[in-house]
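Notes for the one structure printed next.
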Amino acid sequence: GMGLSPASKCAALGSSSVATLILIRHGESTWNKDYDERFTGWFDAPLSKLGKREAIEAGRMLRERGILGTVNVAFTSKLKRSYDTLELMMDENSGGAPFPVSRSWRLNERHYGGLQGYNKNAVVGAIYDKEDVRKWRRAWNVPPPPPTV
């Protein structure tokens with residue numbers, strides 16, 4: 001059968017249940033490091049060496065606080081950097097019970113359109129107006145320029 005999604009299973013617990021929500025951002029990606037602050041967006045940049053260490057450290061901190069072993073469902077984007085962060089964190093939970101992982105493109109980083117791949121500082125002034133770039137980076141309702149092919 002199709003069964004319940006992880007979100008449905010959580011909802012099925014009822015309103016009297018108490019849950020802990022843990023939010024973790026992925027570790028540093030190679031595009032944040034090696035390529036000097038590029039707009040990454042949906043480009044599937046892997047974790048850098050530092051990013052892998054950050055993920056392991058996050059898992060260690062959660063384990064030491066007794067939180068890691070209580071995780072019963074995880075949600076992550078479809079991007080490798082996010083999924084790998086989760087995997088490295090959970091490696092710190094040796095012997096922990098397995099739990100469902102839901103991967104969705106809806107949790108991907110925002111799509112930067114035509115900005116994707118450009119250095120964040122280089123596009124300001126040289127290619128696009130500073131105020132336009134600020135809006136594209138921070139506003140939720142202002143789309144970036146379309147990607148060029």
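In the structure tokens, each chain is lettered A, B, ... as it comes, each chain's residues begin at 1, and ligands are numbered from 1 in order of appearance.
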Enumerate, as JSON, numbers by chain, the complete set of residues in region 40-117 of chain A that a backbone-based DSSP assignment places in strand (DSSP E or B). {"A": [47, 74, 75, 76, 101, 102, 103]}
Saved selection, atoms kept: C-alpha atoms, as a PDB file, in the first residue's frame:
```pdb
ATOM      1  CA  LEU A  47      29.798  19.969   0.960  1.00  0.00           C
ATOM      2  CA  ALA A  74      13.678  14.061   9.030  1.00  0.00           C
ATOM      3  CA  PHE A  75      12.930  16.403   6.158  1.00  0.00           C
ATOM      4  CA  THR A  76      15.576  17.596   3.720  1.00  0.00           C
ATOM      5  CA  VAL A 101      13.580  10.716   5.641  1.00  0.00           C
ATOM      6  CA  SER A 102      11.457  12.823   3.337  1.00  0.00           C
ATOM      7  CA  ARG A 103      13.333  14.596   0.512  1.00  0.00           C
TER       8      ARG A 103
END
```
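Omitting Phe43 (chain A) and its sequence neighbours fewer than 3 positions away, and counting only C-alpha atoms, the residues within 9 Å are A:Phe39, A:Thr40, A:Leu79, A:His111, A:Gln116, A:Gly117.
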With N, CA and C atoms retained, could you export that selection as an mmCIF file, in the first residue's frame?
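What follows is the written file out-v8.cif:
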```
data_model
loop_
_atom_site.group_PDB
_atom_site.id
_atom_site.type_symbol
_atom_site.label_atom_id
_atom_site.label_comp_id
_atom_site.auth_asym_id
_atom_site.auth_seq_id
_atom_site.Cartn_x
_atom_site.Cartn_y
_atom_site.Cartn_z
ATOM 1 N N PHE A 39 26.269 32.671 -6.023
ATOM 2 C CA PHE A 39 24.856 32.338 -5.873
ATOM 3 C C PHE A 39 24.715 30.865 -6.242
ATOM 4 N N THR A 40 24.411 30.035 -5.267
ATOM 5 C CA THR A 40 24.348 28.597 -5.499
ATOM 6 C C THR A 40 22.969 28.174 -5.983
ATOM 7 N N LEU A 79 18.799 18.537 -2.579
ATOM 8 C CA LEU A 79 20.186 18.896 -2.868
ATOM 9 C C LEU A 79 21.153 18.079 -2.018
ATOM 10 N N HIS A 111 15.665 29.530 -5.895
ATOM 11 C CA HIS A 111 16.272 29.503 -7.233
ATOM 12 C C HIS A 111 16.679 30.927 -7.589
ATOM 13 N N GLN A 116 22.412 32.708 -10.648
ATOM 14 C CA GLN A 116 23.061 31.463 -10.236
ATOM 15 C C GLN A 116 24.429 31.307 -10.897
ATOM 16 N N GLY A 117 25.445 31.040 -10.084
ATOM 17 C CA GLY A 117 26.804 30.855 -10.579
ATOM 18 C C GLY A 117 27.657 32.105 -10.510
#
```
As an MDAnalysis selection string, please: the residues near Tyr83 (chain A) (cut-off 12 Å, only C-alpha atoms, same-chain neighbours under 4 positions excluded). chainID A and resid 24:27 44:47 52 55 74:79 87:90 101:105 107:108
Could you pull out the helix (DSSP H, G or I) residues of region 79-128 of chain A, going by DSSP on the backbone, and write them as a PyMOL selection string? chain A and resi 80-90+105-107+113-115
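Closest approach to Pro100 (chain A) among A:Val124, A:Val73, A:Leu68, A:Leu50: A:Val73, based on only C-alpha atoms.
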Counting only C-alpha atoms, the residue among A:Glu28, A:Asp132, A:Glu109, A:Glu37 that lies closest to Thr85 (chain A) is A:Glu28
